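Coordinates from run05.cif are shown below (mmCIF, C-alpha atoms and all ligand atoms).
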```cif
data_run
#
loop_
_atom_site.group_PDB
_atom_site.id
_atom_site.type_symbol
_atom_site.label_atom_id
_atom_site.label_comp_id
_atom_site.auth_asym_id
_atom_site.auth_seq_id
_atom_site.Cartn_x
_atom_site.Cartn_y
_atom_site.Cartn_z
ATOM 1 C CA MET D 1172 12.526 -21.445 -12.015
ATOM 2 C CA THR D 1173 9.110 -19.909 -11.570
ATOM 3 C CA ALA D 1174 7.960 -17.430 -14.191
ATOM 4 C CA PRO D 1175 8.323 -13.726 -13.393
ATOM 5 C CA THR D 1176 5.088 -12.736 -11.692
ATOM 6 C CA PHE D 1177 3.472 -9.299 -11.961
ATOM 7 C CA ARG D 1178 0.303 -7.990 -10.356
ATOM 8 C CA PHE D 1179 -2.134 -5.156 -10.751
ATOM 9 C CA ALA D 1180 -3.676 -4.352 -7.363
ATOM 10 C CA PRO D 1181 -6.512 -1.831 -7.498
ATOM 11 C CA SER D 1182 -8.688 -0.828 -4.538
ATOM 12 C CA PRO D 1183 -12.406 -0.973 -5.366
ATOM 13 C CA ASN D 1184 -13.168 2.393 -3.775
ATOM 14 C CA GLY D 1185 -13.968 4.174 -7.022
ATOM 15 C CA GLU D 1186 -13.984 3.812 -10.781
ATOM 16 C CA LEU D 1187 -10.773 3.115 -12.660
ATOM 17 C CA HIS D 1188 -9.344 6.068 -14.557
ATOM 18 C CA LEU D 1189 -6.664 6.527 -17.192
ATOM 19 C CA GLY D 1190 -3.910 6.255 -14.578
ATOM 20 C CA HIS D 1191 -5.080 2.779 -13.575
ATOM 21 C CA ALA D 1192 -5.392 1.772 -17.222
ATOM 22 C CA TYR D 1193 -1.795 2.841 -17.748
ATOM 23 C CA SER D 1194 -0.617 0.824 -14.747
ATOM 24 C CA ALA D 1195 -2.564 -2.297 -15.729
ATOM 25 C CA LEU D 1196 -1.465 -2.121 -19.382
ATOM 26 C CA LEU D 1197 2.151 -1.551 -18.384
ATOM 27 C CA ASN D 1198 2.052 -4.569 -16.045
ATOM 28 C CA ALA D 1199 0.588 -6.680 -18.861
ATOM 29 C CA ARG D 1200 3.158 -5.456 -21.355
ATOM 30 C CA MET D 1201 6.127 -6.014 -19.042
ATOM 31 C CA ALA D 1202 4.836 -9.477 -18.080
ATOM 32 C CA GLY D 1203 4.345 -10.315 -21.773
ATOM 33 C CA GLU D 1204 7.885 -9.228 -22.631
ATOM 34 C CA VAL D 1205 9.406 -11.752 -20.234
ATOM 35 C CA GLY D 1206 6.856 -14.546 -20.615
ATOM 36 C CA GLY D 1207 5.622 -13.773 -17.096
ATOM 37 C CA ARG D 1208 2.314 -14.165 -15.258
ATOM 38 C CA LEU D 1209 -0.136 -11.357 -14.561
ATOM 39 C CA LEU D 1210 -2.206 -11.514 -11.381
ATOM 40 C CA LEU D 1211 -5.022 -9.260 -10.309
ATOM 41 C CA ARG D 1212 -5.473 -8.489 -6.621
ATOM 42 C CA ILE D 1213 -8.441 -6.667 -5.196
ATOM 43 C CA GLU D 1214 -7.263 -4.521 -2.274
ATOM 44 C CA ASP D 1215 -10.526 -4.191 -0.412
ATOM 45 C CA ILE D 1216 -9.546 -4.222 3.264
ATOM 46 C CA ASP D 1217 -11.381 -0.963 3.875
ATOM 47 C CA GLY D 1218 -14.950 -2.224 4.074
ATOM 48 C CA GLU D 1219 -16.299 1.323 4.430
ATOM 49 C CA ARG D 1220 -14.920 2.643 1.157
ATOM 50 C CA CYS D 1221 -14.685 -0.497 -0.999
ATOM 51 C CA THR D 1222 -17.828 -1.921 -2.588
ATOM 52 C CA PRO D 1223 -18.740 -4.981 -4.684
ATOM 53 C CA ASP D 1224 -20.126 -2.592 -7.323
ATOM 54 C CA PHE D 1225 -16.774 -0.875 -7.761
ATOM 55 C CA GLU D 1226 -15.100 -4.289 -7.916
ATOM 56 C CA ARG D 1227 -17.500 -5.401 -10.660
ATOM 57 C CA SER D 1228 -16.840 -2.289 -12.662
ATOM 58 C CA ILE D 1229 -13.060 -2.709 -12.272
ATOM 59 C CA LEU D 1230 -13.269 -6.253 -13.639
ATOM 60 C CA ALA D 1231 -15.480 -5.056 -16.502
ATOM 61 C CA ASP D 1232 -13.136 -2.173 -17.377
ATOM 62 C CA LEU D 1233 -10.064 -4.408 -17.365
ATOM 63 C CA ALA D 1234 -11.777 -7.018 -19.540
ATOM 64 C CA TRP D 1235 -12.894 -4.224 -21.900
ATOM 65 C CA LEU D 1236 -9.251 -3.131 -22.179
ATOM 66 C CA GLY D 1237 -8.488 -6.652 -23.359
ATOM 67 C CA LEU D 1238 -6.447 -7.640 -20.325
ATOM 68 C CA GLU D 1239 -6.224 -11.216 -19.122
ATOM 69 C CA TRP D 1240 -5.263 -12.340 -15.657
ATOM 70 C CA GLU D 1241 -5.044 -15.564 -13.731
ATOM 71 C CA ARG D 1242 -7.914 -16.885 -11.631
ATOM 72 C CA PRO D 1243 -8.802 -17.006 -8.811
ATOM 73 C CA VAL D 1244 -8.410 -13.320 -8.082
ATOM 74 C CA ARG D 1245 -7.133 -12.696 -4.567
ATOM 75 C CA ARG D 1246 -9.486 -10.495 -2.608
ATOM 76 C CA GLN D 1247 -7.792 -9.126 0.505
ATOM 77 C CA SER D 1248 -10.980 -9.028 2.574
ATOM 78 C CA GLU D 1249 -11.025 -12.847 2.438
ATOM 79 C CA HIS D 1250 -7.561 -13.180 3.973
ATOM 80 C CA PHE D 1251 -7.578 -11.258 7.245
ATOM 81 C CA ASP D 1252 -6.191 -14.385 8.960
ATOM 82 C CA ASP D 1253 -2.991 -14.158 6.913
ATOM 83 C CA TYR D 1254 -2.447 -10.527 7.937
ATOM 84 C CA ALA D 1255 -3.332 -11.264 11.577
ATOM 85 C CA GLU D 1256 -0.696 -13.990 11.658
ATOM 86 C CA ALA D 1257 1.983 -11.658 10.301
ATOM 87 C CA LEU D 1258 0.966 -9.017 12.843
ATOM 88 C CA ARG D 1259 1.084 -11.592 15.652
ATOM 89 C CA ARG D 1260 4.653 -12.504 14.700
ATOM 90 C CA LEU D 1261 5.705 -8.864 14.883
ATOM 91 C CA ILE D 1262 3.920 -8.369 18.221
ATOM 92 C CA ASP D 1263 5.589 -11.494 19.625
ATOM 93 C CA ALA D 1264 8.948 -10.184 18.408
ATOM 94 C CA GLY D 1265 8.332 -7.016 20.456
ATOM 95 C CA LEU D 1266 8.365 -4.799 17.378
ATOM 96 C CA VAL D 1267 4.793 -3.581 17.466
ATOM 97 C CA TYR D 1268 3.032 -1.703 20.255
ATOM 98 C CA PRO D 1269 -0.558 -0.740 21.004
ATOM 99 C CA ALA D 1270 -1.197 2.920 20.222
ATOM 100 C CA PHE D 1271 -3.985 4.358 22.334
ATOM 101 C CA MET D 1272 -4.026 8.038 21.399
ATOM 102 C CA SER D 1273 -7.211 9.212 19.702
ATOM 103 C CA ARG D 1274 -7.008 11.595 16.742
ATOM 104 C CA GLY D 1275 -7.988 14.424 19.107
ATOM 105 C CA GLU D 1276 -5.222 13.531 21.580
ATOM 106 C CA VAL D 1277 -2.671 13.406 18.777
ATOM 107 C CA ARG D 1278 -3.806 16.828 17.535
ATOM 108 C CA ALA D 1279 -3.595 18.280 21.045
ATOM 109 C CA TRP D 1280 -0.096 16.829 21.545
ATOM 110 C CA LEU D 1281 1.055 18.298 18.233
ATOM 111 C CA THR D 1282 -0.282 21.742 19.139
ATOM 112 C CA ASP D 1283 0.713 21.876 22.798
ATOM 113 C CA ASP D 1284 3.613 19.518 23.416
ATOM 114 C CA ALA D 1285 5.471 18.649 20.213
ATOM 115 C CA PRO D 1286 9.070 19.888 20.091
ATOM 116 C CA ALA D 1287 9.649 22.598 17.462
ATOM 117 C CA GLY D 1288 10.186 21.171 13.983
ATOM 118 C CA TRP D 1289 8.455 17.876 14.790
ATOM 119 C CA PRO D 1290 8.978 15.773 11.615
ATOM 120 C CA ARG D 1291 6.356 14.865 9.036
ATOM 121 C CA ASP D 1292 6.250 11.728 6.906
ATOM 122 C CA PRO D 1293 6.687 11.783 3.097
ATOM 123 C CA ASP D 1294 2.915 12.340 2.759
ATOM 124 C CA GLY D 1295 3.162 15.405 5.022
ATOM 125 C CA VAL D 1296 1.514 13.812 8.066
ATOM 126 C CA PRO D 1297 3.216 14.568 11.418
ATOM 127 C CA LEU D 1298 4.871 11.471 12.905
ATOM 128 C CA TYR D 1299 3.005 9.745 15.726
ATOM 129 C CA PRO D 1300 3.892 11.063 19.199
ATOM 130 C CA PRO D 1301 6.346 8.928 21.214
ATOM 131 C CA ARG D 1302 4.078 8.528 24.265
ATOM 132 C CA ASP D 1303 2.691 5.046 23.578
ATOM 133 C CA ARG D 1304 6.038 3.654 22.461
ATOM 134 C CA LEU D 1305 7.564 4.761 25.761
ATOM 135 C CA MET D 1306 4.681 3.489 27.908
ATOM 136 C CA SER D 1307 5.601 1.011 30.644
ATOM 137 C CA MET D 1308 4.693 -2.637 30.084
ATOM 138 C CA GLY D 1309 2.493 -2.535 33.173
ATOM 139 C CA GLU D 1310 0.401 0.366 31.891
ATOM 140 C CA ARG D 1311 0.191 -1.184 28.431
ATOM 141 C CA GLU D 1312 -1.069 -4.471 29.847
ATOM 142 C CA ALA D 1313 -3.536 -2.717 32.119
ATOM 143 C CA ARG D 1314 -5.007 -0.650 29.326
ATOM 144 C CA LEU D 1315 -5.201 -3.644 26.987
ATOM 145 C CA SER D 1316 -6.930 -5.717 29.634
ATOM 146 C CA ARG D 1317 -9.427 -2.888 30.174
ATOM 147 C CA GLY D 1318 -10.231 -3.245 26.468
ATOM 148 C CA GLU D 1319 -9.135 0.293 25.595
ATOM 149 C CA SER D 1320 -9.414 1.134 21.937
ATOM 150 C CA HIS D 1321 -6.051 1.014 20.153
ATOM 151 C CA SER D 1322 -4.297 0.462 16.873
ATOM 152 C CA TRP D 1323 -0.988 -1.411 16.428
ATOM 153 C CA ARG D 1324 2.083 0.515 15.342
ATOM 154 C CA LEU D 1325 5.489 -0.675 14.225
ATOM 155 C CA ASP D 1326 8.352 0.476 16.465
ATOM 156 C CA VAL D 1327 10.484 1.473 13.508
ATOM 157 C CA GLU D 1328 13.594 2.253 15.568
ATOM 158 C CA ALA D 1329 13.529 -1.113 17.336
ATOM 159 C CA ALA D 1330 12.821 -2.831 14.013
ATOM 160 C CA LEU D 1331 15.787 -1.216 12.272
ATOM 161 C CA ALA D 1332 18.018 -2.124 15.213
ATOM 162 C CA ARG D 1333 17.239 -5.820 14.576
ATOM 163 C CA LEU D 1334 18.610 -5.713 11.041
ATOM 164 C CA ALA D 1335 22.239 -6.323 10.204
ATOM 165 C CA ARG D 1336 22.104 -3.619 7.536
ATOM 166 C CA ARG D 1337 19.781 -1.037 6.104
ATOM 167 C CA PRO D 1338 17.380 -2.594 3.588
ATOM 168 C CA PHE D 1339 17.557 -1.572 -0.049
ATOM 169 C CA TRP D 1340 15.607 -2.334 -3.182
ATOM 170 C CA THR D 1341 16.292 -2.436 -6.873
ATOM 171 C CA GLU D 1342 14.337 0.226 -8.701
ATOM 172 C CA THR D 1343 13.913 -0.351 -12.422
ATOM 173 C CA GLY D 1344 11.622 2.651 -12.866
ATOM 174 C CA THR D 1345 12.239 6.011 -11.220
ATOM 175 C CA GLY D 1346 11.394 7.808 -8.005
ATOM 176 C CA PRO D 1347 10.121 11.398 -7.798
ATOM 177 C CA GLY D 1348 13.694 12.723 -7.895
ATOM 178 C CA GLY D 1349 14.750 10.392 -10.727
ATOM 179 C CA GLU D 1350 16.138 7.785 -8.320
ATOM 180 C CA THR D 1351 16.837 4.446 -9.976
ATOM 181 C CA GLY D 1352 18.986 1.337 -9.433
ATOM 182 C CA PRO D 1353 19.773 0.267 -5.871
ATOM 183 C CA ILE D 1354 17.820 2.468 -3.437
ATOM 184 C CA ALA D 1355 18.640 2.592 0.280
ATOM 185 C CA ALA D 1356 15.295 2.388 2.082
ATOM 186 C CA ASP D 1357 14.505 5.024 4.701
ATOM 187 C CA PRO D 1358 11.556 3.587 6.639
ATOM 188 C CA ALA D 1359 12.272 5.843 9.637
ATOM 189 C CA ALA D 1360 10.999 8.765 7.550
ATOM 190 C CA TRP D 1361 7.493 7.319 8.072
ATOM 191 C CA GLY D 1362 7.798 7.031 11.843
ATOM 192 C CA ASP D 1363 5.876 4.278 13.600
ATOM 193 C CA VAL D 1364 3.434 3.294 10.848
ATOM 194 C CA VAL D 1365 0.064 1.743 11.651
ATOM 195 C CA LEU D 1366 -0.111 -1.989 10.904
ATOM 196 C CA ALA D 1367 -3.654 -2.587 12.137
ATOM 197 C CA ARG D 1368 -6.576 -0.500 13.335
ATOM 198 C CA LYS D 1369 -9.652 -1.279 15.338
ATOM 199 C CA ASP D 1370 -11.956 -0.764 12.346
ATOM 200 C CA VAL D 1371 -9.636 -2.207 9.676
ATOM 201 C CA PRO D 1372 -7.533 -4.988 11.270
ATOM 202 C CA ALA D 1373 -4.681 -4.813 8.719
ATOM 203 C CA SER D 1374 -2.987 -1.876 7.008
ATOM 204 C CA TYR D 1375 -2.136 -1.440 3.348
ATOM 205 C CA HIS D 1376 1.593 -1.838 4.147
ATOM 206 C CA LEU D 1377 1.112 -5.137 5.955
ATOM 207 C CA CYS D 1378 -1.286 -6.650 3.399
ATOM 208 C CA VAL D 1379 0.787 -5.687 0.396
ATOM 209 C CA VAL D 1380 3.958 -7.406 1.619
ATOM 210 C CA VAL D 1381 2.137 -10.508 2.869
ATOM 211 C CA ASP D 1382 0.223 -10.860 -0.406
ATOM 212 C CA ASP D 1383 3.147 -10.174 -2.710
ATOM 213 C CA ALA D 1384 5.012 -12.967 -0.899
ATOM 214 C CA LEU D 1385 2.093 -15.431 -0.776
ATOM 215 C CA GLN D 1386 1.342 -14.855 -4.452
ATOM 216 C CA GLY D 1387 4.983 -15.221 -5.493
ATOM 217 C CA VAL D 1388 5.119 -11.726 -6.970
ATOM 218 C CA THR D 1389 8.595 -11.041 -8.348
ATOM 219 C CA ASN D 1390 7.989 -7.719 -10.120
ATOM 220 C CA VAL D 1391 6.018 -4.901 -8.530
ATOM 221 C CA VAL D 1392 5.023 -2.322 -11.144
ATOM 222 C CA ARG D 1393 2.981 0.564 -9.730
ATOM 223 C CA GLY D 1394 2.637 4.343 -9.646
ATOM 224 C CA ARG D 1395 5.395 6.648 -8.460
ATOM 225 C CA ASP D 1396 3.144 7.838 -5.620
ATOM 226 C CA LEU D 1397 4.081 4.583 -3.834
ATOM 227 C CA PHE D 1398 7.846 4.981 -4.265
ATOM 228 C CA ALA D 1399 8.444 6.295 -0.722
ATOM 229 C CA ALA D 1400 6.169 3.644 0.838
ATOM 230 C CA THR D 1401 8.468 0.965 -0.587
ATOM 231 C CA ALA D 1402 10.849 1.722 2.300
ATOM 232 C CA VAL D 1403 8.225 0.436 4.753
ATOM 233 C CA HIS D 1404 7.539 -2.585 2.564
ATOM 234 C CA ARG D 1405 11.227 -3.476 2.482
ATOM 235 C CA LEU D 1406 11.494 -3.195 6.264
ATOM 236 C CA LEU D 1407 8.462 -5.456 6.783
ATOM 237 C CA GLN D 1408 9.845 -8.003 4.316
ATOM 238 C CA GLU D 1409 13.110 -8.142 6.281
ATOM 239 C CA LEU D 1410 11.305 -8.529 9.617
ATOM 240 C CA LEU D 1411 8.972 -11.248 8.317
ATOM 241 C CA GLY D 1412 11.635 -13.055 6.269
ATOM 242 C CA LEU D 1413 9.776 -12.551 2.986
ATOM 243 C CA PRO D 1414 11.284 -12.623 -0.505
ATOM 244 C CA VAL D 1415 12.045 -9.277 -2.129
ATOM 245 C CA PRO D 1416 10.525 -8.409 -5.508
ATOM 246 C CA SER D 1417 12.043 -5.834 -7.824
ATOM 247 C CA TYR D 1418 10.207 -2.533 -7.972
ATOM 248 C CA HIS D 1419 9.296 -0.414 -10.956
ATOM 249 C CA HIS D 1420 7.560 2.871 -10.155
ATOM 250 C CA HIS D 1421 6.031 4.450 -13.220
ATOM 251 C CA ASP D 1422 4.895 7.934 -14.244
ATOM 252 C CA LEU D 1423 1.573 9.145 -12.984
ATOM 253 C CA ILE D 1424 -0.867 10.359 -15.550
ATOM 254 C CA LEU D 1425 -1.833 13.856 -14.526
ATOM 255 C CA GLY D 1426 -5.025 15.734 -15.254
ATOM 256 C CA GLU D 1427 -5.046 18.852 -17.409
ATOM 257 C CA ASP D 1428 -4.571 20.902 -14.240
ATOM 258 C CA GLY D 1429 -1.347 18.981 -13.542
ATOM 259 C CA ARG D 1430 -2.881 17.222 -10.520
ATOM 260 C CA LYS D 1431 -2.959 13.504 -9.864
ATOM 261 C CA LEU D 1432 -6.123 11.876 -11.227
ATOM 262 C CA SER D 1433 -8.564 10.845 -8.577
ATOM 263 C CA LYS D 1434 -11.255 8.217 -8.617
ATOM 264 C CA SER D 1435 -13.893 10.824 -7.955
ATOM 265 C CA ARG D 1436 -13.107 12.797 -11.108
ATOM 266 C CA GLY D 1437 -15.394 11.333 -13.718
ATOM 267 C CA ASP D 1438 -13.781 12.948 -16.765
ATOM 268 C CA THR D 1439 -10.920 10.511 -17.045
ATOM 269 C CA GLY D 1440 -12.870 7.513 -15.726
ATOM 270 C CA LEU D 1441 -12.694 4.525 -18.048
ATOM 271 C CA ARG D 1442 -16.424 4.034 -17.941
ATOM 272 C CA ALA D 1443 -17.080 7.668 -18.942
ATOM 273 C CA LEU D 1444 -14.568 7.416 -21.775
ATOM 274 C CA ARG D 1445 -16.114 4.162 -22.963
ATOM 275 C CA GLU D 1446 -19.568 5.727 -22.929
ATOM 276 C CA LYS D 1447 -18.234 8.641 -24.960
ATOM 277 C CA GLY D 1448 -17.200 6.145 -27.639
ATOM 278 C CA TYR D 1449 -13.496 5.725 -26.915
ATOM 279 C CA THR D 1450 -12.159 2.274 -27.836
ATOM 280 C CA PRO D 1451 -9.582 0.201 -25.941
ATOM 281 C CA ALA D 1452 -7.105 1.112 -28.696
ATOM 282 C CA ASP D 1453 -7.739 4.810 -27.939
ATOM 283 C CA ILE D 1454 -6.989 4.187 -24.260
ATOM 284 C CA VAL D 1455 -3.759 2.386 -25.135
ATOM 285 C CA ARG D 1456 -2.786 5.327 -27.339
ATOM 286 C CA MET D 1457 -3.746 7.903 -24.701
ATOM 287 C CA THR D 1458 -1.765 6.194 -21.934
ATOM 288 C CA GLY D 1459 1.048 5.139 -24.241
ATOM 289 C CA PRO D 1460 2.860 2.478 -22.173
HETATM 290 N N1 LIG D 1501 -4.077 -0.739 -3.952
HETATM 291 C C1 LIG D 1501 -3.136 0.302 -4.243
HETATM 292 C C2 LIG D 1501 -3.819 1.403 -5.035
HETATM 293 O O1 LIG D 1501 -4.897 1.185 -5.581
HETATM 294 C C3 LIG D 1501 -1.946 -0.174 -5.034
HETATM 295 C C4 LIG D 1501 -1.035 -0.982 -4.207
HETATM 296 C C5 LIG D 1501 0.244 -1.456 -4.861
HETATM 297 O O2 LIG D 1501 0.319 -1.552 -6.100
HETATM 298 O O3 LIG D 1501 1.158 -1.761 -4.120
HETATM 299 O O4 LIG D 1501 -3.284 2.487 -5.101
#
```
Spit out the file's structure as C-alpha cells when you get a sec.
Amino acid sequence: MTAPTFRFAPSPNGELHLGHAYSALLNARMAGEVGGRLLLRIEDIDGERCTPDFERSILADLAWLGLEWERPVRRQSEHFDDYAEALRRLIDAGLVYPAFMSRGEVRAWLTDDAPAGWPRDPDGVPLYPPRDRLMSMGEREARLSRGESHSWRLDVEAALARLARRPFWTETGTGPGGETGPIAADPAAWGDVVLARKDVPASYHLCVVVDDALQGVTNVVRGRDLFAATAVHRLLQELLGLPVPSYHHHDLILGEDGRKLSKSRGDTGLRALREKGYTPADIVRMTGP
C-alpha cells in the first residue's frame, strides 16, 4: 500500500493570495490526517505568463506558512516529453485532430455561420466549430505537410464512443450546486478541448492528468472553480489508462466584493499581508481550513 498522496499545484503567474493559502493548508491538513504525502507541483507550462520570480515567491510564501513538501518539486516545463508522448498516443488512436482555425476565423464562424443557440462550455466560451473535425484526411494531411499553424483538439464524441460507460468520479468536497459523492462526468459540455497549442505544446488538462498519474497522486484537493474541468480529466484518464484519484473541490475564498480573488489583486496577496505584519497563524485563522 502506498501512502495517500496529495499535491498543491500552483501556477507561477502571479503572487499567492489567501485562496492559495487555504488550498495549500487544506491539502497539508488532509494529508496529515491520513498519514499521507504532500507534493508540490509547479504548473509553469505557459512560458509567457510564468516566471522564475513568481516561483521563488511561491516557495517563500509556502515555507513562511510553515508548510513542508517532498523534494524534488516537479516543474511542468521540464517534462514536455511526457505530455508529448501522451498526446502522441491519443493522435495515434485517432482521437485528436489538428485544428487550423485562427481566433479570427472562429469569431467569424460564430457570427456568420453558427446555428442559433450554439452551445458554450462551462466557462462560457462557445464550443469550437465542427469544421476541422469534419475535414477529410487528405486535406488534413496536405495542410499539415504545408506546415500550417494548428493546435491539437480532442474529438470528444469519438473519445466517448470508445468507452464502455460514462466516466464518473468520487467527489468528497462539493461542486457549485452542492454535488457530492459519485459524479457522472460530462466532458462533452466542454466540446473538443485543446490538448496542445503551437506556442504551448501541452494544455493544462493534459499535463494535470499525466502528472497526477506519474506522481502517484491519490487525492486531488483543489478549488471549486475546477470542478467542471474534472469531467475532461476523467475522460483523459480513461483514454490513457491512468489511475483515478478521488477529488475534493473546496470553497473559494472570495474578496469583499464577492468576486474570486485574483493574482493581480495585491490586497489579499500573502506577501502584502506578511509585510503588513500578519503572521502565519493569522493566515490560518483567516482561511480557517
Ligand atoms: N495550476 C492550477 C491553478 O493554479 C491548479 C491545478 C489543479 O489543482 O488541478 O489554478
Give me the result of the PyMOL selection byres (((not hetatm)) within 8 of (chain D and resi 1501)) on this file, residue by residue, as a tab-separated table (two decimals) with C-alpha atoms, in the frame of the given file.
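Output saved as part34.tsv:
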```tsv
chain	number	residue	atom	x	y	z
D	1178	ARG	CA	0.30	-7.99	-10.36
D	1179	PHE	CA	-2.13	-5.16	-10.75
D	1180	ALA	CA	-3.68	-4.35	-7.36
D	1181	PRO	CA	-6.51	-1.83	-7.50
D	1182	SER	CA	-8.69	-0.83	-4.54
D	1183	PRO	CA	-12.41	-0.97	-5.37
D	1213	ILE	CA	-8.44	-6.67	-5.20
D	1214	GLU	CA	-7.26	-4.52	-2.27
D	1375	TYR	CA	-2.14	-1.44	3.35
D	1379	VAL	CA	0.79	-5.69	0.40
D	1391	VAL	CA	6.02	-4.90	-8.53
D	1392	VAL	CA	5.02	-2.32	-11.14
D	1393	ARG	CA	2.98	0.56	-9.73
D	1394	GLY	CA	2.64	4.34	-9.65
D	1397	LEU	CA	4.08	4.58	-3.83
```
Give me the residues near D:Thr1458 as a VMD selection string, where near means some atom within 7 Å (using all atoms listed in the file) and where sequence neighbours in that chain fewer than 2 positions away do not count. chain D and resid 1189 1193 1454 to 1456 1460
To test your reading of the syntax: which residues would the PyMOL selection byres (((chain D and resi 1215) around 12) and not hetatm) return for the file shown? Reply as a PyMOL selection string. chain D and resi 1180-1185+1212-1214+1216-1226+1245-1251+1371+1373-1375+1378-1379
Expand the PyMOL selection byres (((chain D and resi 1241) around 9) and not hetatm) into the individual residues it matches in the shown file, reporting them as a PDB file with C-alpha atoms, in the coordinates of the input.
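See selection34.pdb below for the written result:
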```pdb
ATOM      1  CA  ARG D1208       2.314 -14.165 -15.258  1.00  0.00           C
ATOM      2  CA  LEU D1209      -0.136 -11.357 -14.561  1.00  0.00           C
ATOM      3  CA  LEU D1210      -2.206 -11.514 -11.381  1.00  0.00           C
ATOM      4  CA  LEU D1211      -5.022  -9.260 -10.309  1.00  0.00           C
ATOM      5  CA  GLU D1239      -6.224 -11.216 -19.122  1.00  0.00           C
ATOM      6  CA  TRP D1240      -5.263 -12.340 -15.657  1.00  0.00           C
ATOM      7  CA  ARG D1242      -7.914 -16.885 -11.631  1.00  0.00           C
ATOM      8  CA  PRO D1243      -8.802 -17.006  -8.811  1.00  0.00           C
ATOM      9  CA  VAL D1244      -8.410 -13.320  -8.082  1.00  0.00           C
TER      10      VAL D1244
END
```
Atom pair atom CA of D:Ala1234 / atom CA of D:Gly1203: separation (Å): 16.6 Å
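Among the candidate residues D:Trp1289, D:Tyr1449, D:Tyr1418, D:Trp1361, the one lying nearest to D:Val1403 is D:Trp1361, with distances computed using all atoms listed in the file.
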From the set D:His1420, D:Arg1405, D:Arg1260, D:Lys1369, which residue has the shortest atom-to-atom contact distance to D:Asp1357, counting all atoms listed in the file? D:Arg1405
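Ranking D:Leu1233, D:Ala1443, D:Leu1334, D:Ala1367 by their shortest atom-to-atom distance to D:Glu1409, with only C-alpha atoms included, puts D:Leu1334 first.
Each of D:Leu1423, D:Ala1400, D:Leu1238, D:Ile1229 was checked against D:Ala1195 using all atoms listed in the file; the smallest atom-to-atom distance is that of D:Leu1238.
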Counting only C-alpha atoms, figure out which residue out of D:Ser1194, D:Ser1320, D:Thr1389, D:Thr1173 gets nearest to D:Asp1422. D:Ser1194
All heavy atoms modelled onto stretch 1355-1359 of chain D, as a PDB file, in the coordinates of the input:
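Output file selection-v4.pdb follows:
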```
ATOM      1  N   ALA D1355      18.588   2.858  -1.163  1.00  0.00           N
ATOM      2  CA  ALA D1355      18.640   2.592   0.280  1.00  0.00           C
ATOM      3  C   ALA D1355      17.310   3.025   0.888  1.00  0.00           C
ATOM      4  O   ALA D1355      16.895   4.174   0.730  1.00  0.00           O
ATOM      5  CB  ALA D1355      19.793   3.362   0.910  1.00  0.00           C
ATOM      6  N   ALA D1356      16.625   2.090   1.530  1.00  0.00           N
ATOM      7  CA  ALA D1356      15.295   2.388   2.082  1.00  0.00           C
ATOM      8  C   ALA D1356      15.421   3.235   3.340  1.00  0.00           C
ATOM      9  O   ALA D1356      16.328   3.016   4.147  1.00  0.00           O
ATOM     10  CB  ALA D1356      14.568   1.088   2.396  1.00  0.00           C
ATOM     11  N   ASP D1357      14.498   4.180   3.502  1.00  0.00           N
ATOM     12  CA  ASP D1357      14.505   5.024   4.701  1.00  0.00           C
ATOM     13  C   ASP D1357      13.150   4.929   5.417  1.00  0.00           C
ATOM     14  O   ASP D1357      12.359   5.876   5.417  1.00  0.00           O
ATOM     15  CB  ASP D1357      14.795   6.476   4.297  1.00  0.00           C
ATOM     16  CG  ASP D1357      14.848   7.401   5.502  1.00  0.00           C
ATOM     17  OD1 ASP D1357      14.993   6.899   6.641  1.00  0.00           O
ATOM     18  OD2 ASP D1357      14.705   8.631   5.313  1.00  0.00           O
ATOM     19  N   PRO D1358      12.876   3.753   6.013  1.00  0.00           N
ATOM     20  CA  PRO D1358      11.556   3.587   6.639  1.00  0.00           C
ATOM     21  C   PRO D1358      11.346   4.527   7.825  1.00  0.00           C
ATOM     22  O   PRO D1358      10.207   4.870   8.142  1.00  0.00           O
ATOM     23  CB  PRO D1358      11.542   2.123   7.089  1.00  0.00           C
ATOM     24  CG  PRO D1358      12.950   1.673   7.064  1.00  0.00           C
ATOM     25  CD  PRO D1358      13.699   2.542   6.114  1.00  0.00           C
ATOM     26  N   ALA D1359      12.433   4.975   8.471  1.00  0.00           N
ATOM     27  CA  ALA D1359      12.272   5.843   9.637  1.00  0.00           C
ATOM     28  C   ALA D1359      11.576   7.152   9.268  1.00  0.00           C
ATOM     29  O   ALA D1359      10.948   7.796  10.113  1.00  0.00           O
ATOM     30  CB  ALA D1359      13.637   6.114  10.278  1.00  0.00           C
TER      31      ALA D1359
END
```
